[in-house]
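Data file: protein_10.cif. Format and content: mmCIF, C-alpha atoms and all ligand atoms.
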data_input
#
loop_
_atom_site.label_atom_id
_atom_site.label_comp_id
_atom_site.auth_asym_id
_atom_site.auth_seq_id
_atom_site.Cartn_x
_atom_site.Cartn_y
_atom_site.Cartn_z
CA MET A 1 203.63 80.75 -26.26
CA SER A 2 203.63 77.50 -24.30
CA THR A 3 202.66 74.29 -26.07
CA PRO A 4 199.38 73.68 -24.13
CA LEU A 5 198.16 77.16 -25.00
CA ILE A 6 198.82 76.65 -28.72
CA TRP A 7 197.04 73.32 -28.43
CA PHE A 8 194.05 74.98 -26.69
CA VAL A 9 193.74 77.70 -29.36
CA PHE A 10 194.09 75.11 -32.08
CA MET A 11 191.39 72.90 -30.54
CA ASN A 12 188.91 75.75 -30.33
CA LEU A 13 189.69 76.85 -33.87
CA SER A 14 189.10 73.33 -35.06
CA ILE A 15 185.70 73.34 -33.34
CA LEU A 16 184.80 76.66 -34.93
CA LEU A 17 185.90 75.55 -38.38
CA LYS A 18 184.23 72.15 -38.26
CA PRO A 19 181.38 71.73 -40.78
CA GLY A 20 179.13 70.49 -37.95
CA TYR A 21 179.54 73.83 -36.15
CA CYS A 22 175.82 74.56 -36.55
CA THR A 23 174.83 71.69 -34.27
CA GLU A 24 177.14 73.17 -31.60
CA THR A 25 175.27 76.44 -31.66
CA SER A 26 171.73 75.41 -30.80
CA ASP A 27 170.48 76.55 -27.41
CA GLN A 28 170.80 73.92 -24.69
CA VAL A 29 170.11 73.37 -21.02
CA LEU A 30 173.06 71.77 -19.24
CA SER A 31 173.10 69.92 -15.96
CA ILE A 32 176.30 70.39 -13.98
CA THR A 33 177.23 69.28 -10.48
CA PRO A 34 180.36 71.07 -9.27
CA GLN A 35 182.68 68.87 -7.23
CA THR A 36 185.14 71.39 -5.79
CA GLN A 37 185.09 74.99 -4.59
CA GLU A 38 187.12 75.97 -7.64
CA GLN A 39 184.44 74.50 -9.88
CA VAL A 40 181.78 76.36 -7.89
CA ASP A 41 183.64 79.63 -8.47
CA THR A 42 184.04 78.90 -12.18
CA LEU A 43 180.36 78.15 -12.55
CA ARG A 44 179.37 81.32 -10.70
CA ASN A 45 181.70 83.22 -12.97
CA VAL A 46 180.26 81.65 -16.11
CA SER A 47 176.68 82.35 -15.06
CA THR A 48 177.44 86.00 -14.31
CA HIS A 49 179.73 86.91 -17.17
CA TYR A 50 178.38 84.94 -20.09
CA GLU A 51 175.00 85.09 -21.72
CA THR A 52 173.39 82.22 -19.83
CA VAL A 53 170.34 81.80 -17.60
CA LEU A 54 170.41 79.93 -14.31
CA TRP A 55 167.32 77.73 -14.16
CA GLN A 56 168.33 76.16 -10.91
CA PRO A 57 169.32 77.31 -8.36
CA VAL A 58 167.71 80.69 -8.89
CA SER A 59 170.82 82.67 -8.02
CA ASN A 60 174.51 81.88 -8.20
CA GLU A 61 174.98 82.47 -4.47
CA TYR A 62 173.18 79.12 -3.97
CA ILE A 63 175.62 77.23 -6.20
CA SER A 64 177.71 74.93 -4.07
CA THR A 65 179.49 71.59 -4.31
CA GLN A 66 177.25 68.61 -5.03
CA VAL A 67 174.31 70.87 -5.86
CA GLN A 68 172.87 70.18 -9.29
CA VAL A 69 172.92 73.27 -11.49
CA HIS A 70 170.63 73.64 -14.51
CA LEU A 71 172.06 76.22 -16.88
CA TYR A 72 170.42 77.49 -20.04
CA VAL A 73 173.10 78.25 -22.60
CA PRO A 74 172.10 80.09 -25.78
CA GLY A 75 173.70 78.85 -28.97
CA ASN A 76 175.99 81.84 -29.34
CA SER A 77 177.68 81.25 -25.95
CA SER A 78 177.73 77.49 -26.23
CA VAL A 79 181.25 76.99 -27.58
CA THR A 80 182.82 79.43 -25.14
CA VAL A 81 180.95 78.15 -22.11
CA LYS A 82 181.71 74.51 -22.88
CA ALA A 83 185.39 75.34 -23.43
CA ILE A 84 185.57 77.00 -20.01
CA LEU A 85 183.85 74.05 -18.35
CA GLN A 86 186.22 71.66 -20.05
CA LYS A 87 189.25 73.72 -19.09
CA HIS A 88 188.27 73.42 -15.43
CA GLY A 89 187.50 69.72 -15.65
CA ILE A 90 183.79 70.35 -15.12
CA THR A 91 181.66 67.67 -16.70
CA HIS A 92 178.16 68.37 -17.90
CA LYS A 93 175.14 66.50 -19.18
CA VAL A 94 172.84 67.95 -21.79
CA LEU A 95 169.49 68.15 -20.05
CA LEU A 96 167.60 69.64 -22.98
CA ALA A 97 169.15 69.44 -26.41
CA ASN A 98 166.50 71.55 -28.05
CA PRO A 99 164.63 73.86 -25.71
CA ASN A 100 163.31 75.95 -28.59
CA VAL A 101 161.16 73.07 -29.86
CA LEU A 102 159.74 72.61 -26.35
CA THR A 103 159.08 76.35 -26.06
CA GLU A 104 157.10 76.24 -29.29
CA MET A 105 155.18 73.21 -28.06
CA GLN A 106 154.18 75.11 -24.92
CA MET A 107 152.98 78.08 -26.96
CA LYS A 108 151.11 76.05 -29.53
CA ASN A 109 147.40 76.60 -29.21
CA ASP A 110 145.89 73.62 -30.93
CA SER A 111 142.35 74.33 -29.71
CA THR A 112 141.23 74.74 -33.32
CA ASP A 113 142.48 71.29 -34.22
CA PRO A 114 139.68 68.81 -33.43
CA ARG A 115 142.15 65.91 -33.57
CA SER A 116 144.16 67.24 -30.66
CA GLY A 117 142.45 65.46 -27.81
CA SER A 118 143.59 68.00 -25.21
CA THR A 119 141.13 70.12 -23.30
CA PHE A 120 141.41 73.82 -22.50
CA TYR A 121 142.92 72.93 -19.12
CA GLU A 122 145.61 70.75 -20.68
CA ARG A 123 147.16 73.66 -22.53
CA TYR A 124 149.10 76.76 -21.49
CA HIS A 125 147.33 80.03 -22.06
CA THR A 126 148.24 83.59 -22.89
CA LEU A 127 147.38 86.29 -20.37
CA GLU A 128 144.50 87.48 -22.55
CA GLU A 129 143.05 83.97 -22.64
CA ILE A 130 143.31 83.79 -18.85
CA TYR A 131 141.51 87.12 -18.43
CA ASP A 132 138.76 85.86 -20.78
CA TRP A 133 138.54 82.65 -18.80
CA ILE A 134 138.22 84.61 -15.51
CA ASN A 135 135.33 86.63 -16.95
CA ARG A 136 133.60 83.63 -18.43
CA THR A 137 133.96 81.59 -15.26
CA ALA A 138 132.40 84.35 -13.16
CA GLN A 139 129.63 84.96 -15.69
CA ASP A 140 128.74 81.30 -16.15
CA ASN A 141 128.60 80.64 -12.39
CA PRO A 142 126.97 83.77 -10.96
CA ARG A 143 125.85 82.06 -7.75
CA THR A 144 129.15 80.46 -6.81
CA VAL A 145 131.96 82.48 -8.41
CA LYS A 146 132.80 86.16 -8.06
CA ALA A 147 135.72 87.98 -9.65
CA ILE A 148 137.15 90.45 -7.15
CA LEU A 149 139.52 93.17 -8.31
CA ILE A 150 142.22 93.39 -5.64
CA GLY A 151 144.56 95.87 -7.31
CA SER A 152 146.61 96.30 -10.43
CA SER A 153 150.10 95.50 -11.60
CA TYR A 154 152.98 97.91 -12.25
CA GLU A 155 151.91 98.13 -15.90
CA LYS A 156 148.31 98.65 -14.74
CA ARG A 157 146.88 95.24 -15.54
CA PRO A 158 144.04 94.17 -13.25
CA LEU A 159 144.65 91.58 -10.52
CA TYR A 160 141.53 89.44 -10.21
CA VAL A 161 140.83 86.96 -7.46
CA LEU A 162 138.09 84.39 -8.03
CA LYS A 163 136.06 83.74 -4.92
CA LEU A 164 134.42 80.33 -4.87
CA SER A 165 131.62 80.24 -2.38
CA PHE A 166 129.22 77.32 -2.33
CA ASN A 167 127.01 78.34 0.56
CA ASP A 168 126.51 81.32 2.82
CA ARG A 169 126.61 79.84 6.27
CA PRO A 170 127.75 82.43 8.81
CA ASN A 171 131.33 82.35 10.12
CA ARG A 172 132.66 80.65 7.05
CA LYS A 173 136.39 80.16 6.94
CA ALA A 174 138.47 80.45 3.80
CA MET A 175 141.58 79.34 2.01
CA TRP A 176 143.75 81.20 -0.48
CA ILE A 177 145.70 79.90 -3.48
CA ASP A 178 147.90 82.11 -5.64
CA CYS A 179 149.65 81.22 -8.85
CA GLY A 180 152.11 82.86 -11.18
CA ILE A 181 154.26 84.90 -8.79
CA HIS A 182 157.19 83.89 -10.96
CA ALA A 183 156.55 84.57 -14.63
CA ARG A 184 158.42 81.66 -16.18
CA GLU A 185 156.75 78.98 -14.04
CA TRP A 186 153.90 78.39 -16.47
CA ILE A 187 152.56 75.27 -14.80
CA SER A 188 151.56 77.49 -11.87
CA PRO A 189 148.75 79.54 -13.51
CA ALA A 190 147.72 76.34 -15.31
CA PHE A 191 147.20 74.81 -11.86
CA CYS A 192 144.96 77.64 -10.64
CA LEU A 193 142.73 77.16 -13.69
CA TRP A 194 142.76 73.40 -13.12
CA PHE A 195 141.79 73.82 -9.48
CA VAL A 196 138.84 76.12 -10.21
CA HIS A 197 137.63 73.84 -12.98
CA HIS A 198 137.85 70.81 -10.68
CA SER A 199 135.97 72.62 -7.91
CA LEU A 200 133.15 73.65 -10.23
CA SER A 201 132.91 70.28 -11.95
CA PHE A 202 133.23 67.97 -8.97
CA TYR A 203 131.39 69.74 -6.18
CA GLN A 204 128.94 67.14 -4.91
CA GLN A 205 130.68 64.43 -6.93
CA ASN A 206 134.02 64.14 -5.19
CA SER A 207 133.77 63.83 -1.43
CA GLU A 208 136.94 65.74 -0.52
CA ILE A 209 136.34 68.80 -2.68
CA THR A 210 132.70 68.83 -1.54
CA ARG A 211 133.71 68.76 2.09
CA ILE A 212 136.22 71.56 1.54
CA LEU A 213 133.84 73.77 -0.42
CA ASP A 214 131.02 73.14 2.05
CA SER A 215 133.15 74.51 4.87
CA MET A 216 135.36 77.12 3.26
CA ASP A 217 135.34 79.84 0.66
CA VAL A 218 138.28 79.62 -1.70
CA TYR A 219 140.11 82.65 -3.05
CA VAL A 220 142.12 81.94 -6.18
CA LEU A 221 144.52 84.45 -7.74
CA PRO A 222 145.39 82.87 -11.11
CA VAL A 223 148.26 85.23 -12.04
CA MET A 224 149.93 87.38 -9.39
CA ASN A 225 152.49 88.69 -11.86
CA PRO A 226 150.57 89.44 -15.09
CA ASP A 227 153.21 91.80 -16.53
CA GLY A 228 155.96 89.20 -16.16
CA TYR A 229 153.73 86.42 -17.48
CA LYS A 230 152.80 88.46 -20.54
CA TYR A 231 156.49 89.20 -21.13
CA THR A 232 157.39 85.49 -21.15
CA TRP A 233 154.89 84.96 -23.96
CA THR A 234 156.26 87.69 -26.20
CA ALA A 235 159.44 86.08 -27.55
CA ILE A 236 161.59 83.01 -27.03
CA LYS A 237 164.36 85.15 -25.57
CA ARG A 238 162.01 86.37 -22.82
CA ARG A 239 160.76 82.93 -21.83
CA TRP A 240 163.01 82.84 -18.71
CA TRP A 241 161.77 86.06 -17.14
CA ARG A 242 160.99 85.58 -13.42
CA LYS A 243 160.31 88.97 -11.84
CA ASN A 244 157.65 91.61 -12.36
CA ARG A 245 158.36 94.45 -14.82
CA SER A 246 158.85 97.47 -12.61
CA ILE A 247 161.60 99.84 -13.64
CA SER A 248 164.14 100.58 -10.94
CA LYS A 249 164.85 104.12 -9.82
CA SER A 250 168.19 104.17 -11.59
CA GLY A 251 166.30 103.06 -14.68
CA PHE A 252 169.07 100.61 -15.44
CA CYS A 253 167.40 97.28 -14.76
CA VAL A 254 163.88 95.93 -14.69
CA GLY A 255 162.03 93.69 -12.29
CA VAL A 256 161.51 92.84 -8.64
CA ASP A 257 161.18 89.27 -7.42
CA LEU A 258 157.72 89.43 -5.84
CA ASN A 259 158.62 86.51 -3.61
CA ARG A 260 161.31 88.65 -1.96
CA ASN A 261 159.15 91.76 -1.63
CA PHE A 262 156.94 90.76 1.32
CA ASP A 263 157.52 92.34 4.70
CA VAL A 264 159.22 89.54 6.56
CA ASP A 265 162.91 89.92 7.37
CA TRP A 266 162.91 91.89 4.12
CA GLY A 267 166.16 92.18 2.14
CA ILE A 268 168.30 90.05 4.42
CA LYS A 269 168.78 86.49 3.17
CA GLY A 270 168.71 85.04 -0.32
CA SER A 271 167.74 88.36 -1.82
CA SER A 272 169.51 91.27 -3.40
CA GLN A 273 169.04 95.04 -3.47
CA ASN A 274 170.51 95.05 -6.95
CA PRO A 275 167.67 95.54 -9.47
CA CYS A 276 169.67 93.67 -12.09
CA GLU A 277 169.47 90.42 -10.12
CA GLU A 278 166.86 87.67 -10.32
CA ILE A 279 166.25 87.80 -6.57
CA ASN A 280 165.93 91.58 -6.30
CA CYS A 281 163.78 92.38 -3.29
CA GLY A 282 162.83 95.89 -4.49
CA PRO A 283 163.53 99.24 -2.80
CA PHE A 284 161.40 98.56 0.30
CA PRO A 285 158.89 95.95 1.57
CA GLU A 286 155.67 95.86 -0.49
CA SER A 287 157.15 98.38 -2.91
CA GLU A 288 155.50 96.42 -5.72
CA PRO A 289 151.79 96.89 -6.42
CA GLU A 290 151.30 93.13 -6.97
CA ALA A 291 152.71 92.18 -3.54
CA GLN A 292 150.92 95.08 -1.89
CA ALA A 293 147.55 94.08 -3.40
CA VAL A 294 147.92 90.53 -2.08
CA ALA A 295 149.14 91.69 1.34
CA ASN A 296 146.26 94.21 1.67
CA PHE A 297 143.68 91.61 0.71
CA LEU A 298 145.04 89.03 3.16
CA ARG A 299 145.31 91.64 5.94
CA ARG A 300 141.64 92.44 5.40
CA HIS A 301 140.67 88.75 5.46
CA LYS A 302 143.09 87.43 8.03
CA ASP A 303 140.36 86.46 10.46
CA THR A 304 138.77 84.09 7.99
CA VAL A 305 141.68 82.80 5.89
CA GLN A 306 143.11 79.73 7.59
CA LEU A 307 145.14 78.21 4.80
CA TYR A 308 147.57 79.93 2.42
CA ILE A 309 149.04 78.09 -0.58
CA THR A 310 151.34 79.59 -3.20
CA ILE A 311 152.13 77.63 -6.34
CA HIS A 312 155.58 77.57 -7.97
CA SER A 313 157.75 75.25 -10.02
CA TYR A 314 159.95 73.30 -10.39
CA SER A 315 161.45 70.61 -8.11
CA GLN A 316 158.48 68.71 -6.61
CA MET A 317 158.58 70.02 -3.09
CA PHE A 318 156.21 71.05 -0.32
CA ILE A 319 157.72 73.86 1.71
CA PHE A 320 156.39 75.40 4.91
CA PRO A 321 157.68 78.15 7.24
CA TYR A 322 160.14 79.23 7.96
CA SER A 323 162.39 80.14 5.07
CA TYR A 324 163.74 83.35 6.59
CA THR A 325 165.09 81.60 9.68
CA PHE A 326 166.10 78.11 10.74
CA ASP A 327 163.84 78.46 13.81
CA GLN A 328 160.98 75.97 13.94
CA ALA A 329 157.45 77.18 13.34
CA GLU A 330 155.30 76.89 16.43
CA ASN A 331 153.04 74.27 14.76
CA HIS A 332 155.93 72.61 12.90
CA ASN A 333 154.67 69.10 13.65
CA ASP A 334 151.21 69.80 12.23
CA LEU A 335 152.68 71.33 9.08
CA LEU A 336 155.08 68.44 8.67
CA GLU A 337 152.34 65.89 9.13
CA MET A 338 150.23 67.60 6.46
CA VAL A 339 152.90 67.68 3.76
CA GLN A 340 154.04 64.19 4.64
CA GLU A 341 150.53 62.89 4.11
CA ALA A 342 150.27 64.82 0.81
CA ALA A 343 153.57 63.36 -0.42
CA GLN A 344 152.57 59.84 0.66
CA ARG A 345 149.27 60.01 -1.18
CA ILE A 346 150.97 61.31 -4.33
CA LYS A 347 153.39 58.40 -4.11
CA ARG A 348 150.56 55.94 -3.66
CA TYR A 349 148.25 57.29 -6.39
CA TYR A 350 150.67 58.68 -8.93
CA ARG A 351 154.02 56.99 -8.12
CA ASN A 352 155.73 60.36 -8.01
CA THR A 353 158.12 61.70 -5.37
CA TYR A 354 157.81 65.00 -3.52
CA THR A 355 160.26 66.11 -0.87
CA TYR A 356 159.09 68.33 1.95
CA GLY A 357 160.08 70.34 5.00
CA PRO A 358 160.64 73.83 6.34
CA GLY A 359 161.99 76.18 3.65
CA ALA A 360 165.32 77.25 5.11
CA ALA A 361 166.46 73.71 5.80
CA THR A 362 164.85 72.00 2.80
CA LEU A 363 165.44 74.52 0.01
CA TYR A 364 167.43 77.58 1.06
CA PRO A 365 167.27 80.40 3.63
CA CYS A 366 165.41 83.31 2.13
CA SER A 367 163.70 86.51 3.31
CA GLY A 368 160.63 88.33 2.02
CA GLY A 369 158.61 85.30 0.86
CA SER A 370 154.82 85.33 0.79
CA ASP A 371 154.49 82.04 2.73
CA ASP A 372 156.46 83.28 5.76
CA TRP A 373 154.67 86.62 5.60
CA ALA A 374 151.21 85.00 5.53
CA TYR A 375 152.24 82.75 8.40
CA LYS A 376 153.36 85.70 10.52
CA LEU A 377 150.13 87.49 9.69
CA GLY A 378 148.42 84.67 11.56
CA ILE A 379 147.57 82.19 8.78
CA LYS A 380 148.95 79.18 10.60
CA TYR A 381 148.77 76.80 7.67
CA SER A 382 150.99 78.26 5.00
CA PHE A 383 152.70 76.39 2.15
CA THR A 384 154.74 76.83 -0.99
CA PHE A 385 154.26 74.06 -3.55
CA GLU A 386 156.95 73.49 -6.15
CA LEU A 387 155.23 71.47 -8.87
CA GLN A 388 156.68 69.18 -11.54
CA ASP A 389 159.19 68.33 -12.59
CA ARG A 390 162.66 67.75 -11.16
CA GLY A 391 164.55 69.08 -14.13
CA GLU A 392 163.73 66.72 -16.97
CA TYR A 393 161.92 69.58 -18.72
CA GLY A 394 162.09 72.21 -15.98
CA PHE A 395 160.16 75.33 -16.99
CA LEU A 396 159.44 73.71 -20.35
CA LEU A 397 157.09 71.04 -19.01
CA PRO A 398 155.18 69.89 -22.12
CA PRO A 399 151.41 70.44 -22.28
CA SER A 400 150.92 66.66 -22.16
CA HIS A 401 152.27 66.74 -18.58
CA ILE A 402 149.87 69.43 -17.33
CA SER A 403 147.19 66.98 -16.24
CA GLY A 404 149.65 64.80 -14.31
CA ALA A 405 151.30 67.76 -12.61
CA CYS A 406 147.97 69.38 -11.72
CA ASN A 407 146.24 66.23 -10.53
CA GLU A 408 148.96 65.43 -8.05
CA ALA A 409 149.09 69.04 -6.81
CA LEU A 410 145.31 68.97 -6.49
CA LEU A 411 145.54 65.84 -4.38
CA ALA A 412 148.02 67.67 -2.15
CA VAL A 413 145.77 70.74 -1.82
CA LYS A 414 142.80 68.55 -0.91
CA THR A 415 144.79 66.47 1.57
CA ILE A 416 146.08 69.56 3.34
CA ALA A 417 142.75 71.44 3.28
CA VAL A 418 140.89 68.48 4.78
CA LYS A 419 143.51 68.24 7.51
CA VAL A 420 143.17 71.95 8.22
CA LEU A 421 139.42 71.44 8.59
CA GLU A 422 140.01 68.57 10.99
CA LYS A 423 142.33 70.70 13.09
CA THR A 424 140.26 73.85 13.14
CA GLN A 425 136.61 72.80 13.03
CA ALA A 426 134.87 72.22 16.30
CA PRO A 427 133.62 68.61 16.44
CA ALA A 428 130.16 68.50 14.83
CA ASN A 429 128.34 66.70 17.65
CA HIS A 430 130.00 68.29 20.60
CA HIS A 431 127.99 67.53 23.74
CA THR A 432 128.25 69.51 26.90
CA ILE A 433 127.54 67.69 30.10
O1 LIG B 1 162.83 81.04 -4.26
C1 LIG B 1 161.60 81.08 -4.33
O2 LIG B 1 160.97 82.13 -4.32
C2 LIG B 1 160.82 79.75 -4.42
N1 LIG B 1 161.46 78.85 -5.32
S1 LIG B 1 161.43 79.13 -6.93
O3 LIG B 1 162.32 78.19 -7.55
N2 LIG B 1 159.97 78.84 -7.47
O4 LIG B 1 161.77 80.49 -7.17
C3 LIG B 1 160.75 79.11 -3.06
C4 LIG B 1 160.03 79.90 -2.03
C5 LIG B 1 160.05 79.25 -0.69
N3 LIG B 1 159.60 80.16 0.33
C6 LIG B 1 160.35 81.22 0.73
N4 LIG B 1 161.56 81.41 0.29
N5 LIG B 1 159.83 82.03 1.63
ZN ZN B 2 158.78 80.35 -8.12
#

Will you turn the file into structure tokens for me?
Amino acid sequence: MSTPLIWFVFMNLSILLKPGYCTETSDQVLSITPQTQEQVDTLRNVSTHYETVLWQPVSNEYISTQVQVHLYVPGNSSVTVKAILQKHGITHKVLLANPNVLTEMQMKNDSTDPRSGSTFYERYHTLEEIYDWINRTAQDNPRTVKAILIGSSYEKRPLYVLKLSFNDRPNRKAMWIDCGIHAREWISPAFCLWFVHHSLSFYQQNSEITRILDSMDVYVLPVMNPDGYKYTWTAIKRRWWRKNRSISKSGFCVGVDLNRNFDVDWGIKGSSQNPCEEINCGPFPESEPEAQAVANFLRRHKDTVQLYITIHSYSQMFIFPYSYTFDQAENHNDLLEMVQEAAQRIKRYYRNTYTYGPGAATLYPCSGGSDDWAYKLGIKYSFTFELQDRGEYGFLLPPSHISGACNEALLAVKTIAVKVLEKTQAPANHHTI
């Protein structure tokens, strides 16, 4: 045995035998930026062969040099993973030293505690609470809100869209917002609730939301992936689930990434046919009942829906088509101007930074996404929002950050919707000579 090898074994043994071993075994989220191709390969290898979860990027094919990787490492793989990183000269920072505490904070429902100053909308909610809220919202606002059943999930949970309609002028246009395609992105459903609450509370108080609601109906799907969302609430170990819960034909693995299942360049880029992968596109386009329900609804309403927005997290980004190709969208300049304005206003009002641009060039090339599909259906204003944060807490954004994250996203929705109105509405006092 060569001396370095003895030394290596000895070092690891000494770690294992140390009395402080317990502190080494708590779950952690590491931030790693590979510097060389060898380090990229090592990291890919670690994320595939050891019990870890890639938070960012979503799949190891996107790991490359100088790209920041956020890796969740459970306590029982911690020593091994860190030893491998060290062996390959890969440095890491601990992003989250105790994700379990943050997970518990997100699940804590302190509504019964009168001292907790947080409102219903400043907390994360279970699926059951969201269904109750949908019912209550429709019941309490019978003239303006309707709950429309657009289909059901793989596990047969209903998919409800709330239609906000503040007047019944003929030829009304509409916008669509969906949340919770990806189960672990909890800030996303929280935003849909926030948006509806804001609309109902500030119609005729806030000029922008009033203008939007006066001219458009709004369709809001609070949770596109209820089965996945429910699953992330069941146990700490399931908190990182992304896909839906459909069982593949082979029966071996579960889940399709709904944002790879739409019928646009399906299965080609940034997606995998392997049901065991996070970016599994499913057996065929719209194979999943959740994606099919959304696609059917939008097909039926494509003549009225002018704006499509889908809410994700995290990374603070406004993405527009295309993601499936590097080609420029035909109205690229309009789309760019809209997200630029949204980002500028967020900077001005909230001092926070959002990056923006077409998906393929700004984030990664990727087929089968709902934004590109909606765009190709004819909805010329189509956006993916990636909400807070940029990795400080990642998917574990504390409840105290919900209001900040939602308010800035709301400002972006309003900015873009008003611009869409400006571009699409005929001038009010149009005189013919
Ligand atoms: O990869 C995704 O589906 C989205 N990012 S996330 O981290 N929330 O998973 C980005 C979607 C951008 N649009 C398309 N890829 N079409
Ligand atoms: Zn997402």

Practice problem: Go through A:Gln66, A:Asn259, A:Gln328, A:Ser153 and flag the residue nearest ligand LIG 1 (chain B), using only C-alpha atoms and all ligand atoms for the distances. | Solution: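 The answer is A:Asn259, which sits nearest to ligand LIG 1 (chain B).
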
Quiz item: Using only C-alpha atoms, what residues lie at most 9 Å away from (174.6, 66.4, -23.4) (file coordinates), given as a PyMOL selection string?
Solution: chain A and resi 28-31+92-97

Quiz item: Between A:Ile32, A:Leu335, A:Ile187, A:Val58, which is the closest to ligand LIG 1 (chain B) once you count only C-alpha atoms and all ligand atoms?
Solution: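 Nearest to ligand LIG 1 (chain B): A:Val58.
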
Exercise. Write out as an MDAnalysis selection string each polymer residue (protein, DNA or RNA) that has an atom no more than 7 Å from ligand LIG 1 (chain B), with only C-alpha atoms and all ligand atoms counted.
Key: chainID A and resid 58 182 259:260 312:314 319 322:324 359 365:372 384 386

Write the residues of the preceding selection, restricted to C-alpha atoms, as a compact mmCIF listing (two decimals), keeping the file's coordinate frame.
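Result written to selection.txt:
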# COMPACT_ATOMS: atom_id res chain seq x y z
CA VAL A 58 167.71 80.69 -8.89
CA HIS A 182 157.19 83.89 -10.96
CA ASN A 259 158.62 86.51 -3.61
CA ARG A 260 161.31 88.65 -1.96
CA HIS A 312 155.58 77.57 -7.97
CA SER A 313 157.75 75.25 -10.02
CA TYR A 314 159.95 73.30 -10.39
CA ILE A 319 157.72 73.86 1.71
CA TYR A 322 160.14 79.23 7.96
CA SER A 323 162.39 80.14 5.07
CA TYR A 324 163.74 83.35 6.59
CA GLY A 359 161.99 76.18 3.65
CA PRO A 365 167.27 80.40 3.63
CA CYS A 366 165.41 83.31 2.13
CA SER A 367 163.70 86.51 3.31
CA GLY A 368 160.63 88.33 2.02
CA GLY A 369 158.61 85.30 0.86
CA SER A 370 154.82 85.33 0.79
CA ASP A 371 154.49 82.04 2.73
CA ASP A 372 156.46 83.28 5.76
CA THR A 384 154.74 76.83 -0.99
CA GLU A 386 156.95 73.49 -6.15

Quiz item: For the point (166.1, 94.2, -1.7) in file coordinates, what residues are within 12 Å, counting only C-alpha atoms? Give the answer as number ranges by chain?
Solution: A: 248, 255-288, 366-369

Pull out region 89-100 of chain A, keep N, CA and C atoms, and write it as a compact mmCIF listing (two decimals), in the first residue's frame.
# COMPACT_ATOMS: atom_id res chain seq x y z
N GLY A 89 -9.75 18.10 -5.12
CA GLY A 89 -9.41 19.53 -4.97
C GLY A 89 -10.59 20.44 -5.21
N ILE A 90 -11.80 19.91 -4.98
CA ILE A 90 -13.01 20.73 -5.20
C ILE A 90 -13.40 21.40 -3.89
N THR A 91 -13.39 22.72 -3.91
CA THR A 91 -13.76 23.43 -2.67
C THR A 91 -15.27 23.64 -2.64
N HIS A 92 -15.79 23.71 -1.43
CA HIS A 92 -17.23 23.95 -1.31
C HIS A 92 -17.50 24.94 -0.19
N LYS A 93 -18.65 25.59 -0.29
CA LYS A 93 -19.13 26.42 0.82
C LYS A 93 -20.39 25.74 1.35
N VAL A 94 -20.62 25.88 2.64
CA VAL A 94 -21.89 25.35 3.16
C VAL A 94 -22.94 26.45 3.00
N LEU A 95 -23.91 26.16 2.15
CA LEU A 95 -24.95 27.15 1.86
C LEU A 95 -25.97 27.14 3.01
N LEU A 96 -26.42 25.94 3.35
CA LEU A 96 -27.35 25.78 4.46
C LEU A 96 -26.81 24.72 5.41
N ALA A 97 -26.53 25.16 6.62
CA ALA A 97 -25.93 24.23 7.58
C ALA A 97 -26.99 23.36 8.23
N ASN A 98 -28.24 23.86 8.23
CA ASN A 98 -29.27 23.05 8.87
C ASN A 98 -30.62 23.14 8.15
N PRO A 99 -30.68 22.52 6.97
CA PRO A 99 -31.93 22.61 6.21
C PRO A 99 -33.14 22.05 6.94
N ASN A 100 -32.92 21.10 7.84
CA ASN A 100 -34.08 20.50 8.52
C ASN A 100 -34.84 21.52 9.36
